[in-house]
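So this one's entry_17.csv, CSV, C-alpha atoms:
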```
chain,number,residue,atom,x,y,z
U,1443,MET,CA,-24.5,-12.8,10.6
U,1444,LYS,CA,-26.5,-11.0,13.3
U,1445,ASN,CA,-27.9,-7.6,12.7
U,1446,LYS,CA,-25.8,-6.0,15.4
U,1447,TYR,CA,-22.9,-5.8,13.0
U,1448,LEU,CA,-24.7,-4.1,10.2
U,1449,GLN,CA,-27.2,-1.9,12.0
U,1450,GLY,CA,-26.4,1.6,13.0
U,1451,LYS,CA,-28.6,4.4,14.3
U,1452,THR,CA,-29.1,6.4,11.1
U,1453,ILE,CA,-27.6,3.9,8.6
U,1454,TYR,CA,-27.2,0.2,8.0
U,1455,LEU,CA,-24.9,-1.8,5.8
U,1456,ARG,CA,-26.0,-4.3,3.2
U,1457,SER,CA,-24.0,-6.5,0.7
U,1458,MET,CA,-22.9,-4.9,-2.5
U,1459,ASP,CA,-24.3,-6.5,-5.6
U,1460,ILE,CA,-22.1,-6.2,-8.7
U,1461,GLU,CA,-25.1,-7.0,-10.9
U,1462,LYS,CA,-27.2,-4.1,-9.5
U,1463,ASP,CA,-25.1,-1.5,-7.7
U,1464,MET,CA,-22.5,-0.5,-10.3
U,1465,GLU,CA,-24.8,2.3,-11.7
U,1466,LEU,CA,-24.6,3.9,-8.2
U,1467,TYR,CA,-20.8,4.0,-8.4
U,1468,SER,CA,-20.8,5.4,-11.9
U,1469,LYS,CA,-23.1,8.1,-10.8
U,1470,TRP,CA,-21.0,9.0,-7.7
U,1471,TYR,CA,-17.9,9.3,-9.8
U,1472,ARG,CA,-19.5,11.8,-12.1
U,1473,ASP,CA,-18.7,14.4,-9.4
U,1474,ALA,CA,-14.9,14.8,-10.0
U,1475,LEU,CA,-14.4,15.8,-6.3
U,1476,PHE,CA,-15.6,12.3,-5.3
U,1477,GLY,CA,-13.0,10.7,-7.5
U,1478,ARG,CA,-10.3,13.2,-6.2
U,1479,PHE,CA,-11.1,12.2,-2.7
U,1480,MET,CA,-11.2,8.4,-3.5
U,1481,ASP,CA,-7.9,8.0,-5.3
U,1482,SER,CA,-4.5,9.7,-5.7
U,1483,MET,CA,-4.7,8.9,-9.4
U,1484,PRO,CA,-6.6,11.3,-11.8
U,1485,ALA,CA,-10.4,11.3,-11.4
U,1486,VAL,CA,-11.8,9.2,-14.2
U,1487,MET,CA,-15.3,7.9,-15.1
U,1488,TYR,CA,-16.4,4.4,-15.9
U,1489,ASN,CA,-19.8,3.1,-17.0
U,1490,LYS,CA,-21.5,0.3,-15.0
U,1491,ASP,CA,-20.0,-2.5,-17.2
U,1492,GLN,CA,-16.5,-1.2,-16.8
U,1493,MET,CA,-17.1,-0.9,-13.0
U,1494,LYS,CA,-18.4,-4.5,-12.9
U,1495,GLU,CA,-15.4,-5.8,-14.8
U,1496,TRP,CA,-13.0,-4.1,-12.3
U,1497,TYR,CA,-14.9,-5.3,-9.2
U,1498,GLU,CA,-15.2,-8.9,-10.6
U,1499,LYS,CA,-11.4,-9.1,-10.7
U,1500,GLN,CA,-11.0,-7.6,-7.3
U,1501,LEU,CA,-13.8,-9.2,-5.4
U,1502,ALA,CA,-11.6,-12.0,-4.0
U,1503,HIS,CA,-9.6,-9.3,-2.1
U,1504,ILE,CA,-12.3,-6.8,-1.2
U,1505,SER,CA,-15.3,-7.0,1.1
U,1506,PRO,CA,-17.6,-4.2,0.0
U,1507,PHE,CA,-20.8,-3.0,1.6
U,1508,ILE,CA,-23.4,-0.5,0.5
U,1509,ILE,CA,-24.2,2.2,3.2
U,1510,MET,CA,-28.0,2.6,3.3
U,1511,ARG,CA,-29.8,5.5,5.0
U,1512,LYS,CA,-32.4,4.2,7.4
U,1513,GLU,CA,-35.1,6.9,7.0
U,1514,ASP,CA,-35.7,6.3,3.3
U,1515,ASP,CA,-33.7,3.1,2.6
U,1516,GLN,CA,-31.6,4.9,0.0
U,1517,PRO,CA,-28.0,3.8,-0.8
U,1518,ILE,CA,-25.7,6.8,0.0
U,1519,GLY,CA,-22.2,5.3,-0.2
U,1520,PHE,CA,-20.0,2.3,0.1
U,1521,ILE,CA,-17.5,1.0,2.6
U,1522,GLU,CA,-15.0,-1.8,2.3
U,1523,LEU,CA,-12.1,-3.7,3.9
U,1524,ALA,CA,-9.5,-4.8,1.4
U,1525,GLY,CA,-5.8,-5.9,1.0
U,1526,TYR,CA,-5.9,-8.4,3.8
U,1527,ASP,CA,-2.9,-9.8,5.5
U,1528,TRP,CA,-4.7,-12.4,7.6
U,1529,LEU,CA,-1.5,-13.6,9.2
U,1530,SER,CA,-0.6,-10.2,10.6
U,1531,GLY,CA,-4.2,-9.3,11.1
U,1532,ASN,CA,-4.3,-6.2,8.9
U,1533,ALA,CA,-6.8,-4.8,6.4
U,1534,TRP,CA,-7.2,-1.5,4.6
U,1535,LEU,CA,-10.3,0.6,4.9
U,1536,GLY,CA,-12.0,2.4,2.0
U,1537,ILE,CA,-15.1,4.5,2.2
U,1538,GLY,CA,-17.0,6.9,0.0
U,1539,ILE,CA,-20.2,8.9,0.5
U,1540,GLY,CA,-21.7,9.7,-2.9
U,1541,GLU,CA,-23.8,12.9,-3.0
U,1542,ARG,CA,-22.4,16.1,-1.6
U,1543,GLU,CA,-25.7,16.7,0.3
U,1544,ASN,CA,-24.9,13.6,2.4
U,1545,TRP,CA,-21.4,14.7,3.4
U,1546,SER,CA,-20.6,15.9,6.9
U,1547,LYS,CA,-23.7,14.2,8.4
U,1548,GLY,CA,-21.8,11.5,10.4
U,1549,TYR,CA,-23.0,8.7,8.1
U,1550,GLY,CA,-19.4,7.7,7.4
U,1551,THR,CA,-18.3,7.7,11.0
U,1552,GLU,CA,-21.2,5.4,11.9
U,1553,ALA,CA,-20.4,3.1,9.0
U,1554,MET,CA,-16.8,2.9,10.0
U,1555,ASN,CA,-17.6,1.9,13.5
U,1556,LEU,CA,-19.8,-0.9,12.2
U,1557,ILE,CA,-17.1,-2.3,9.9
U,1558,LEU,CA,-14.5,-2.0,12.6
U,1559,LYS,CA,-16.7,-4.0,14.9
U,1560,LEU,CA,-17.0,-6.7,12.3
U,1561,GLY,CA,-13.3,-6.6,11.5
U,1562,PHE,CA,-12.1,-6.7,15.1
U,1563,LEU,CA,-14.7,-8.9,16.8
U,1564,GLU,CA,-15.4,-11.4,14.1
U,1565,TRP,CA,-12.6,-11.3,11.6
U,1566,ASN,CA,-9.9,-11.2,14.3
U,1567,LEU,CA,-8.1,-8.3,12.7
U,1568,HIS,CA,-5.3,-6.8,14.8
U,1569,ARG,CA,-5.3,-3.4,13.1
U,1570,VAL,CA,-7.0,-1.5,10.3
U,1571,SER,CA,-5.1,0.9,8.1
U,1572,LEU,CA,-5.9,3.6,5.7
U,1573,SER,CA,-4.3,6.3,3.6
U,1574,VAL,CA,-5.9,9.6,2.9
U,1575,LEU,CA,-5.3,12.5,0.5
U,1576,GLY,CA,-3.8,15.4,2.4
U,1577,TYR,CA,-6.4,17.9,1.1
U,1578,ASN,CA,-9.3,15.8,2.4
U,1579,GLU,CA,-9.5,17.4,5.8
U,1580,ARG,CA,-13.1,16.4,6.4
U,1581,ALA,CA,-12.2,12.8,6.0
U,1582,ILE,CA,-9.2,13.1,8.3
U,1583,CYS,CA,-11.4,14.6,10.9
U,1584,SER,CA,-13.9,11.7,10.7
U,1585,TYR,CA,-11.1,9.1,10.8
U,1586,GLU,CA,-9.8,10.7,14.0
U,1587,LYS,CA,-13.3,10.8,15.5
U,1588,VAL,CA,-13.5,7.0,15.0
U,1589,GLY,CA,-10.1,6.6,16.7
U,1590,PHE,CA,-7.6,6.3,13.9
U,1591,LYS,CA,-4.2,7.8,14.7
U,1592,LYS,CA,-2.0,9.5,12.2
U,1593,GLU,CA,1.1,7.4,11.8
U,1594,GLY,CA,3.0,9.7,9.4
U,1595,SER,CA,2.7,11.0,5.8
U,1596,LEU,CA,4.3,10.1,2.5
U,1597,ARG,CA,5.7,13.5,1.4
U,1598,GLY,CA,4.4,15.3,-1.6
U,1599,PHE,CA,2.6,12.1,-2.8
U,1600,ILE,CA,-0.2,13.8,-4.8
U,1601,HIS,CA,0.3,16.2,-7.7
U,1602,ARG,CA,-2.8,18.2,-8.5
U,1603,GLU,CA,-3.4,21.7,-9.9
U,1604,GLY,CA,0.3,22.4,-9.9
U,1605,GLN,CA,0.7,21.6,-6.2
U,1606,ARG,CA,2.1,18.8,-4.0
U,1607,TRP,CA,0.1,17.3,-1.2
U,1608,ASP,CA,1.1,14.7,1.4
U,1609,MET,CA,-0.6,11.4,1.9
U,1610,PRO,CA,-1.2,10.8,5.6
U,1611,MET,CA,-1.2,7.2,6.7
U,1612,MET,CA,-3.5,6.3,9.6
U,1613,GLY,CA,-4.2,3.2,11.7
U,1614,ILE,CA,-6.2,1.9,14.6
U,1615,LEU,CA,-5.4,-1.2,16.7
U,1616,ARG,CA,-8.0,-3.5,18.0
U,1617,LYS,CA,-7.2,-2.8,21.6
U,1618,GLU,CA,-7.6,1.0,21.0
U,1619,TRP,CA,-10.9,0.6,19.3
U,1620,ILE,CA,-12.2,-1.7,22.1
U,1621,GLU,CA,-11.1,0.7,24.7
U,1622,LEU,CA,-13.0,3.5,23.0
U,1623,GLN,CA,-16.2,1.5,22.9
U,1624,GLU,CA,-15.8,0.7,26.6
U,1625,ASN,CA,-15.4,4.4,27.4
U,1626,LYS,CA,-18.5,5.1,25.3
U,1627,SER,CA,-20.7,2.6,27.1
U,1628,SER,CA,-19.5,3.7,30.6
U,1629,GLU,CA,-20.3,7.3,29.6
U,1630,LYS,CA,-23.8,6.2,28.7
U,1631,GLU,CA,-24.2,4.4,32.0
U,1632,SER,CA,-23.2,7.4,34.0
U,1633,GLU,CA,-25.6,9.6,32.1
Y,569,MET,CA,23.8,14.1,-21.7
Y,570,ASP,CA,26.0,12.0,-19.4
Y,571,GLN,CA,27.4,9.1,-21.4
Y,572,THR,CA,27.5,6.8,-18.4
Y,573,ASN,CA,25.6,3.5,-18.6
Y,574,ILE,CA,23.3,4.1,-15.6
Y,575,PHE,CA,22.5,0.4,-15.4
Y,576,GLU,CA,26.1,-0.2,-14.2
Y,577,GLY,CA,27.7,0.6,-10.9
Y,578,GLU,CA,31.3,0.1,-9.8
Y,579,ARG,CA,31.0,-3.6,-9.1
Y,580,ILE,CA,27.4,-4.5,-9.9
Y,581,ARG,CA,24.9,-4.0,-12.7
Y,582,LEU,CA,21.2,-4.1,-13.3
Y,583,THR,CA,20.0,-6.4,-16.0
Y,584,ASP,CA,16.7,-7.9,-17.3
Y,585,ILE,CA,15.4,-11.0,-15.5
Y,586,ASP,CA,15.5,-14.5,-17.1
Y,587,PRO,CA,12.6,-16.3,-15.4
Y,588,LYS,CA,14.1,-19.7,-16.1
Y,589,GLU,CA,17.8,-19.1,-15.4
Y,590,ASP,CA,17.3,-16.9,-12.3
Y,591,ALA,CA,14.6,-19.1,-10.7
Y,592,GLU,CA,17.0,-21.6,-9.3
Y,593,LYS,CA,18.9,-19.1,-7.0
Y,594,ASP,CA,15.7,-17.3,-6.2
Y,595,SER,CA,14.1,-20.5,-4.9
Y,596,GLN,CA,17.2,-21.5,-3.1
Y,597,TRP,CA,17.3,-18.1,-1.3
Y,598,MET,CA,13.7,-18.4,-0.4
Y,599,HIS,CA,14.5,-21.2,2.0
Y,600,SER,CA,15.8,-18.4,4.3
Y,601,ILE,CA,12.8,-16.8,5.9
Y,602,GLU,CA,14.5,-13.4,5.9
Y,603,TYR,CA,14.7,-13.4,2.1
Y,604,ALA,CA,11.3,-15.0,1.7
Y,605,ARG,CA,9.7,-12.3,3.8
Y,606,PHE,CA,10.7,-9.7,1.2
Y,607,ARG,CA,10.1,-11.9,-1.7
Y,608,THR,CA,6.6,-13.1,-1.1
Y,609,GLU,CA,3.4,-12.4,0.8
Y,610,ASN,CA,2.1,-14.0,4.0
Y,611,PRO,CA,2.1,-16.8,4.8
Y,612,VAL,CA,5.8,-16.9,4.0
Y,613,ARG,CA,7.2,-20.1,2.7
Y,614,PRO,CA,9.9,-21.2,0.2
Y,615,MET,CA,8.7,-21.7,-3.4
Y,616,SER,CA,10.0,-24.4,-5.7
Y,617,VAL,CA,12.0,-23.5,-8.8
Y,618,SER,CA,9.0,-24.0,-11.1
Y,619,GLU,CA,6.8,-21.9,-8.8
Y,620,VAL,CA,9.4,-19.1,-8.7
Y,621,SER,CA,9.9,-19.3,-12.5
Y,622,LYS,CA,6.1,-18.9,-13.1
Y,623,ASP,CA,5.9,-16.1,-10.6
Y,624,LEU,CA,8.8,-14.2,-12.3
Y,625,GLU,CA,7.1,-14.7,-15.7
Y,626,GLU,CA,3.8,-13.3,-14.4
Y,627,LYS,CA,5.6,-10.3,-12.9
Y,628,LEU,CA,7.3,-9.6,-16.2
Y,629,LYS,CA,4.0,-10.1,-18.1
Y,630,GLU,CA,2.3,-7.6,-15.8
Y,631,SER,CA,5.2,-5.2,-16.3
Y,632,ASP,CA,4.8,-5.4,-20.1
Y,633,GLN,CA,1.1,-4.8,-20.0
Y,634,GLU,CA,0.9,-2.1,-17.4
Y,635,ARG,CA,4.2,-0.3,-17.8
Y,636,SER,CA,4.0,0.8,-14.2
Y,637,SER,CA,6.2,-1.7,-12.6
Y,638,PHE,CA,9.8,-2.6,-13.4
Y,639,TYR,CA,11.6,-5.8,-12.3
Y,640,TYR,CA,15.4,-6.1,-12.7
Y,641,ALA,CA,18.1,-8.5,-11.6
Y,642,VAL,CA,21.2,-7.3,-9.7
Y,643,ARG,CA,24.3,-9.1,-10.9
Y,644,LEU,CA,28.1,-8.9,-10.5
Y,645,LYS,CA,29.7,-7.0,-13.4
Y,646,THR,CA,32.3,-9.7,-13.7
Y,647,GLY,CA,29.8,-12.4,-14.8
Y,648,GLU,CA,26.4,-12.3,-16.3
Y,649,LYS,CA,25.3,-15.4,-14.3
Y,650,ASP,CA,26.3,-14.0,-11.0
Y,651,LEU,CA,22.9,-13.1,-9.6
Y,652,LEU,CA,23.0,-11.1,-6.4
Y,653,GLY,CA,19.3,-10.3,-6.0
Y,654,PHE,CA,16.5,-8.3,-7.5
Y,655,LEU,CA,15.5,-4.6,-7.7
Y,656,HIS,CA,11.9,-3.6,-8.3
Y,657,ILE,CA,10.3,-0.2,-8.7
Y,658,ILE,CA,6.6,-1.0,-8.8
Y,659,ASP,CA,3.1,0.6,-8.4
Y,660,ILE,CA,4.3,3.7,-10.2
Y,661,GLU,CA,1.8,6.5,-10.4
Y,662,TRP,CA,3.0,8.5,-13.4
Y,663,PRO,CA,0.8,11.5,-12.8
Y,664,ASN,CA,2.1,11.9,-9.3
Y,665,GLY,CA,5.7,10.7,-10.0
Y,666,GLN,CA,5.6,8.1,-7.3
Y,667,GLY,CA,7.0,4.6,-7.0
Y,668,LEU,CA,7.6,1.8,-4.5
Y,669,LEU,CA,11.1,0.5,-4.3
Y,670,GLN,CA,11.9,-3.1,-3.3
Y,671,VAL,CA,15.5,-4.3,-3.0
Y,672,LEU,CA,16.0,-8.0,-2.4
Y,673,MET,CA,19.5,-9.2,-1.7
Y,674,GLY,CA,20.0,-13.0,-1.8
Y,675,THR,CA,21.9,-13.5,1.4
Y,676,GLU,CA,23.1,-11.6,4.5
Y,677,GLU,CA,26.6,-11.5,3.0
Y,678,ILE,CA,25.4,-10.1,-0.3
Y,679,LYS,CA,23.3,-7.5,1.6
Y,680,LYS,CA,26.3,-6.4,3.6
Y,681,GLU,CA,28.5,-6.2,0.5
Y,682,TYR,CA,26.3,-4.8,-2.2
Y,683,LEU,CA,23.0,-3.3,-0.8
Y,684,GLU,CA,24.5,0.2,-0.7
Y,685,GLU,CA,25.6,0.1,-4.3
Y,686,ALA,CA,22.3,-1.4,-5.4
Y,687,LEU,CA,20.5,1.5,-3.7
Y,688,SER,CA,22.5,4.1,-5.4
Y,689,LEU,CA,21.7,2.5,-8.8
Y,690,ALA,CA,18.0,2.4,-7.9
Y,691,LEU,CA,18.0,6.1,-7.0
Y,692,ARG,CA,19.8,7.2,-10.1
Y,693,TYR,CA,17.4,5.1,-12.3
Y,694,ALA,CA,14.3,6.3,-10.4
Y,695,PHE,CA,15.1,10.0,-10.6
Y,696,ASP,CA,17.4,10.4,-13.6
Y,697,GLU,CA,15.6,8.0,-15.9
Y,698,LEU,CA,12.0,7.4,-14.7
Y,699,ASN,CA,11.8,11.1,-13.7
Y,700,LEU,CA,9.9,10.2,-10.5
Y,701,TYR,CA,9.3,12.9,-7.9
Y,702,HIS,CA,9.6,10.7,-4.8
Y,703,ILE,CA,10.1,7.0,-4.1
Y,704,PHE,CA,9.4,5.1,-0.9
Y,705,CYS,CA,9.9,1.7,0.6
Y,706,GLU,CA,8.5,-0.5,3.4
Y,707,ILE,CA,10.8,-2.0,5.9
Y,708,PRO,CA,9.9,-4.0,9.1
Y,709,SER,CA,11.2,-2.3,12.2
Y,710,TYR,CA,13.4,-5.3,13.2
Y,711,ASP,CA,15.5,-5.1,10.0
Y,712,ILE,CA,18.0,-2.7,11.5
Y,713,ASP,CA,20.8,-3.2,8.9
Y,714,VAL,CA,18.5,-2.5,6.0
Y,715,ILE,CA,17.1,0.6,7.8
Y,716,LYS,CA,20.6,1.9,8.3
Y,717,ALA,CA,21.5,1.4,4.6
Y,718,PHE,CA,18.4,3.3,3.5
Y,719,GLU,CA,19.1,6.1,5.9
Y,720,LYS,CA,22.7,6.3,4.6
Y,721,ALA,CA,21.4,6.5,1.1
Y,722,GLY,CA,19.3,9.6,2.0
Y,723,PHE,CA,15.9,8.1,2.8
Y,724,ALA,CA,14.0,9.6,5.7
Y,725,GLN,CA,11.3,7.9,7.8
Y,726,GLU,CA,7.9,9.2,6.8
Y,727,ALA,CA,5.5,6.9,8.6
Y,728,CYS,CA,5.4,4.1,11.1
Y,729,LEU,CA,2.5,1.7,10.8
Y,730,ARG,CA,2.2,0.3,14.3
Y,731,GLU,CA,2.1,-3.5,14.8
Y,732,MET,CA,1.6,-4.1,11.1
Y,733,VAL,CA,4.0,-7.1,10.8
Y,734,TYR,CA,3.7,-10.4,12.6
Y,735,HIS,CA,7.1,-12.1,12.8
Y,736,ALA,CA,8.8,-14.5,15.3
Y,737,GLY,CA,5.8,-14.5,17.6
Y,738,GLU,CA,5.5,-10.8,17.9
Y,739,TYR,CA,3.9,-7.8,16.2
Y,740,HIS,CA,6.4,-5.3,14.7
Y,741,ASP,CA,6.0,-1.9,13.1
Y,742,ARG,CA,6.3,-1.3,9.4
Y,743,ILE,CA,8.4,1.7,8.7
Y,744,MET,CA,7.9,3.7,5.5
Y,745,PHE,CA,11.0,5.5,4.2
Y,746,GLY,CA,11.0,8.0,1.4
Y,747,ILE,CA,13.2,10.3,-0.6
Y,748,VAL,CA,12.4,13.2,-2.9
Y,749,GLY,CA,14.4,13.5,-6.1
Y,750,GLU,CA,15.5,17.0,-5.2
Y,751,GLU,CA,17.1,15.7,-1.9
Y,752,TRP,CA,18.9,13.0,-3.8
Y,753,ARG,CA,20.3,15.5,-6.3
Y,754,GLN,CA,21.5,17.8,-3.5
Y,755,LYS,CA,23.1,15.0,-1.6
Y,756,LYS,CA,24.8,13.8,-4.8
Y,757,GLY,CA,26.1,17.3,-5.5
Y,758,LEU,CA,27.7,17.6,-2.1
Y,759,SER,CA,29.5,14.2,-2.2
```
Would you write the structure of this file as structure tokens?
Amino acid sequence: MKNKYLQGKTIYLRSMDIEKDMELYSKWYRDALFGRFMDSMPAVMYNKDQMKEWYEKQLAHISPFIIMRKEDDQPIGFIELAGYDWLSGNAWLGIGIGERENWSKGYGTEAMNLILKLGFLEWNLHRVSLSVLGYNERAICSYEKVGFKKEGSLRGFIHREGQRWDMPMMGILRKEWIELQENKSSEKESE
Amino acid sequence: MDQTNIFEGERIRLTDIDPKEDAEKDSQWMHSIEYARFRTENPVRPMSVSEVSKDLEEKLKESDQERSSFYYAVRLKTGEKDLLGFLHIIDIEWPNGQGLLQVLMGTEEIKKEYLEEALSLALRYAFDELNLYHIFCEIPSYDIDVIKAFEKAGFAQEACLREMVYHAGEYHDRIMFGIVGEEWRQKKGLS
């Protein structure tokens, strides 16, 4: 696989190694807010062996990558496509940036564009879907920046701190993503 | 407490599944792509009696272990053996009170005759017994009759995942319908 799919400006993607990387995940989940952003179920913590066991079972249905920061070659998060329906050309996107100091820096947006390029141009996906927790406004913003469109919301899906929150569903079609890239490159040319 | 047997409707009832006895009809129905589409994942194809039986056994085993999915048979009240279809409430998230409803009616005729009653049994069980807050279901946009039945039962469209389903040479939307327990109670009180 050529570098162009895995190399961004400030980050790059590398394969996830369940023998070595599980400690990272365990560490990220020690911030409860990370867990509360990742899943509608209660935030929980697992050690690296438990993480490994879970991933081993799932690995046939998930393609995970570690997001690496270029300037210091440090792992800062993960991104994955999962739940494929190859026939209809759909996959679900999951992404998490670990430490709070790395949030809101555009790393996730860059990583998403890389994985969408791979999914649309090499894996022949027709669309990519995601669901997001209604209180995670920062994430919704970055999904919109990449080109995901809100397609509705499951009402009152999450119950936390005595309140109900919706679960927005979002999706992007291959043709929409390609059009966005073409606009980006024509903007560059006219600069 | 109400003394009604909530597993029974006027003409139909919910019972446990017998993976051996029920496999024959299930396999037979799967030779219609319309049924197979709801019954199995892509690529859709009919499964043999032994495959179906094994699949049902695995579902029941998973249900026993996880206690977050329930699989039931829909039968005529007049005869235990008169299988009409299946009714699943799966992927339950207990902390959020959420569940995914699947209703599989064996044939178009059965669907016309009994889907409405099956839905009312499903709703009563989901809200009065499982104490869920909200249930939802996924229906392809071309399945107009099923959509009408869900709307009549009180479900509202919550999301439309564009071009998510490939069928008959074209991409179709996947519609997500949902209903909150409180809405169901109000509707029931009025009728």
- Hey, can you check how far atom CA of Ala1553 of chain U sits from atom CA of Leu1466 of chain U?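 Atom CA of Ala1553 of chain U sits 17.7 Å away from atom CA of Leu1466 of chain U.
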- Task: Considering all atoms listed in the file, return as a ChimeraX atom specification whatever protein or nucleic-acid residues lie within 8 Å of Leu729 of chain Y, sequence-local ones (same chain, fewer than 3 positions apart) excluded.
- Result: /U:1593,1611-1613 /Y:732,741-744
- Find the distance between atom CA of Arg692 of chain Y and atom CA of Thr608 of chain Y and write it in Å to one decimal.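 Atom CA of Thr608 of chain Y lies 25.8 Å from atom CA of Arg692 of chain Y.
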- Query: Given a cut-off of 8 Å, which residues of chain Y touch chain U, counting all atoms listed in the file, written out as a PyMOL selection string?
  - Reply: chain Y and resi 610-611+661+663-666+702+704+726-734+739+744+746+748
Around the point (9.4, -20.7, -5.5), in the coordinates given by the file, pick out the residues reaching within 9 Å, counting all atoms listed in the file, and return them as an mmCIF file with C-alpha atoms, in the frame of the given file.
```
data_model
loop_
_atom_site.group_PDB
_atom_site.id
_atom_site.type_symbol
_atom_site.label_atom_id
_atom_site.label_comp_id
_atom_site.auth_asym_id
_atom_site.auth_seq_id
_atom_site.Cartn_x
_atom_site.Cartn_y
_atom_site.Cartn_z
ATOM 1 C CA ALA Y 591 14.600 -19.100 -10.700
ATOM 2 C CA GLU Y 592 17.000 -21.600 -9.300
ATOM 3 C CA ASP Y 594 15.700 -17.300 -6.200
ATOM 4 C CA SER Y 595 14.100 -20.500 -4.900
ATOM 5 C CA GLN Y 596 17.200 -21.500 -3.100
ATOM 6 C CA MET Y 598 13.700 -18.400 -0.400
ATOM 7 C CA ARG Y 613 7.200 -20.100 2.700
ATOM 8 C CA PRO Y 614 9.900 -21.200 0.200
ATOM 9 C CA MET Y 615 8.700 -21.700 -3.400
ATOM 10 C CA SER Y 616 10.000 -24.400 -5.700
ATOM 11 C CA VAL Y 617 12.000 -23.500 -8.800
ATOM 12 C CA SER Y 618 9.000 -24.000 -11.100
ATOM 13 C CA GLU Y 619 6.800 -21.900 -8.800
ATOM 14 C CA VAL Y 620 9.400 -19.100 -8.700
ATOM 15 C CA SER Y 621 9.900 -19.300 -12.500
ATOM 16 C CA LYS Y 622 6.100 -18.900 -13.100
ATOM 17 C CA ASP Y 623 5.900 -16.100 -10.600
#
```
- Item | Interatomic distance (Å, one decimal) between atom CA of Gly1538 of chain U and atom CA of Ile1509 of chain U | 9.2 Å
- Quick one: everything within 10 Å of Glu750 of chain Y, counting only C-alpha atoms, minus sequence neighbours fewer than 4 positions away in the same chain. Send it as a list in words. Phe695, Tyr701, His702, Gln754, Lys755 and Lys756 of chain Y
- Fewer than 5 positions away in the same chain doesn't count, so skip those; otherwise give me all residues within 10 Å of Leu1501 of chain U, counting only C-alpha atoms, as an MDAnalysis selection string. chainID U and resid 1460 1494 1496 1506 1524
- Query: Which one is closest to Asp659 of chain Y: Y:Lys588, Y:Lys680, Y:Arg635, Y:Arg643? Count all atoms listed in the file.
  - Reply: Y:Arg635
List as a PDB file with C-alpha atoms, keeping the file's coordinate frame the protein and nucleic acid residues near Leu672 of chain Y, meaning an atom at most 12 Å away when all atoms listed in the file are counted, but skip any in the same chain fewer than 3 places from it.
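Dumped to selection.pdb:
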```
ATOM      1  CA  ASP Y 594      15.700 -17.300  -6.200  1.00  0.00           C
ATOM      2  CA  TRP Y 597      17.300 -18.100  -1.300  1.00  0.00           C
ATOM      3  CA  MET Y 598      13.700 -18.400  -0.400  1.00  0.00           C
ATOM      4  CA  GLU Y 602      14.500 -13.400   5.900  1.00  0.00           C
ATOM      5  CA  TYR Y 603      14.700 -13.400   2.100  1.00  0.00           C
ATOM      6  CA  ALA Y 604      11.300 -15.000   1.700  1.00  0.00           C
ATOM      7  CA  ARG Y 605       9.700 -12.300   3.800  1.00  0.00           C
ATOM      8  CA  PHE Y 606      10.700  -9.700   1.200  1.00  0.00           C
ATOM      9  CA  ARG Y 607      10.100 -11.900  -1.700  1.00  0.00           C
ATOM     10  CA  THR Y 608       6.600 -13.100  -1.100  1.00  0.00           C
ATOM     11  CA  TYR Y 639      11.600  -5.800 -12.300  1.00  0.00           C
ATOM     12  CA  TYR Y 640      15.400  -6.100 -12.700  1.00  0.00           C
ATOM     13  CA  ALA Y 641      18.100  -8.500 -11.600  1.00  0.00           C
ATOM     14  CA  VAL Y 642      21.200  -7.300  -9.700  1.00  0.00           C
ATOM     15  CA  ARG Y 643      24.300  -9.100 -10.900  1.00  0.00           C
ATOM     16  CA  LEU Y 651      22.900 -13.100  -9.600  1.00  0.00           C
ATOM     17  CA  LEU Y 652      23.000 -11.100  -6.400  1.00  0.00           C
ATOM     18  CA  GLY Y 653      19.300 -10.300  -6.000  1.00  0.00           C
ATOM     19  CA  PHE Y 654      16.500  -8.300  -7.500  1.00  0.00           C
ATOM     20  CA  LEU Y 655      15.500  -4.600  -7.700  1.00  0.00           C
ATOM     21  CA  HIS Y 656      11.900  -3.600  -8.300  1.00  0.00           C
ATOM     22  CA  ILE Y 657      10.300  -0.200  -8.700  1.00  0.00           C
ATOM     23  CA  LEU Y 669      11.100   0.500  -4.300  1.00  0.00           C
ATOM     24  CA  THR Y 675      21.900 -13.500   1.400  1.00  0.00           C
ATOM     25  CA  GLU Y 676      23.100 -11.600   4.500  1.00  0.00           C
ATOM     26  CA  ILE Y 678      25.400 -10.100  -0.300  1.00  0.00           C
ATOM     27  CA  LYS Y 679      23.300  -7.500   1.600  1.00  0.00           C
ATOM     28  CA  TYR Y 682      26.300  -4.800  -2.200  1.00  0.00           C
ATOM     29  CA  LEU Y 683      23.000  -3.300  -0.800  1.00  0.00           C
ATOM     30  CA  GLU Y 684      24.500   0.200  -0.700  1.00  0.00           C
ATOM     31  CA  ALA Y 686      22.300  -1.400  -5.400  1.00  0.00           C
ATOM     32  CA  LEU Y 687      20.500   1.500  -3.700  1.00  0.00           C
ATOM     33  CA  ALA Y 690      18.000   2.400  -7.900  1.00  0.00           C
ATOM     34  CA  CYS Y 705       9.900   1.700   0.600  1.00  0.00           C
ATOM     35  CA  ILE Y 707      10.800  -2.000   5.900  1.00  0.00           C
ATOM     36  CA  VAL Y 714      18.500  -2.500   6.000  1.00  0.00           C
TER      37      VAL Y 714
END
```
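Using only C-alpha atoms for every distance, the candidate list U:Ser1505, U:Lys1469, U:Gly1561, U:Gln1500 yields U:Lys1469 as the residue closest to Gly1519 of chain U.
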- Task: List every protein, DNA or RNA residue that has at least one atom no more than 12 Å from (-20.9, 13.6, 0.5) in the file's coordinates, counting all atoms listed in the file, and write the result as a list in words.
- Result: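 Output of the proximity query reads Trp1470, Tyr1471, Asp1473, Leu1475, Phe1476, Gly1477, Phe1479, Met1480, Ile1518, Gly1519, Phe1520, Ile1537, Gly1538, Ile1539, Gly1540, Glu1541, Arg1542, Glu1543, Asn1544, Trp1545, Ser1546, Lys1547, Gly1548, Tyr1549, Gly1550, Asn1578, Arg1580 and Ala1581 of chain U.
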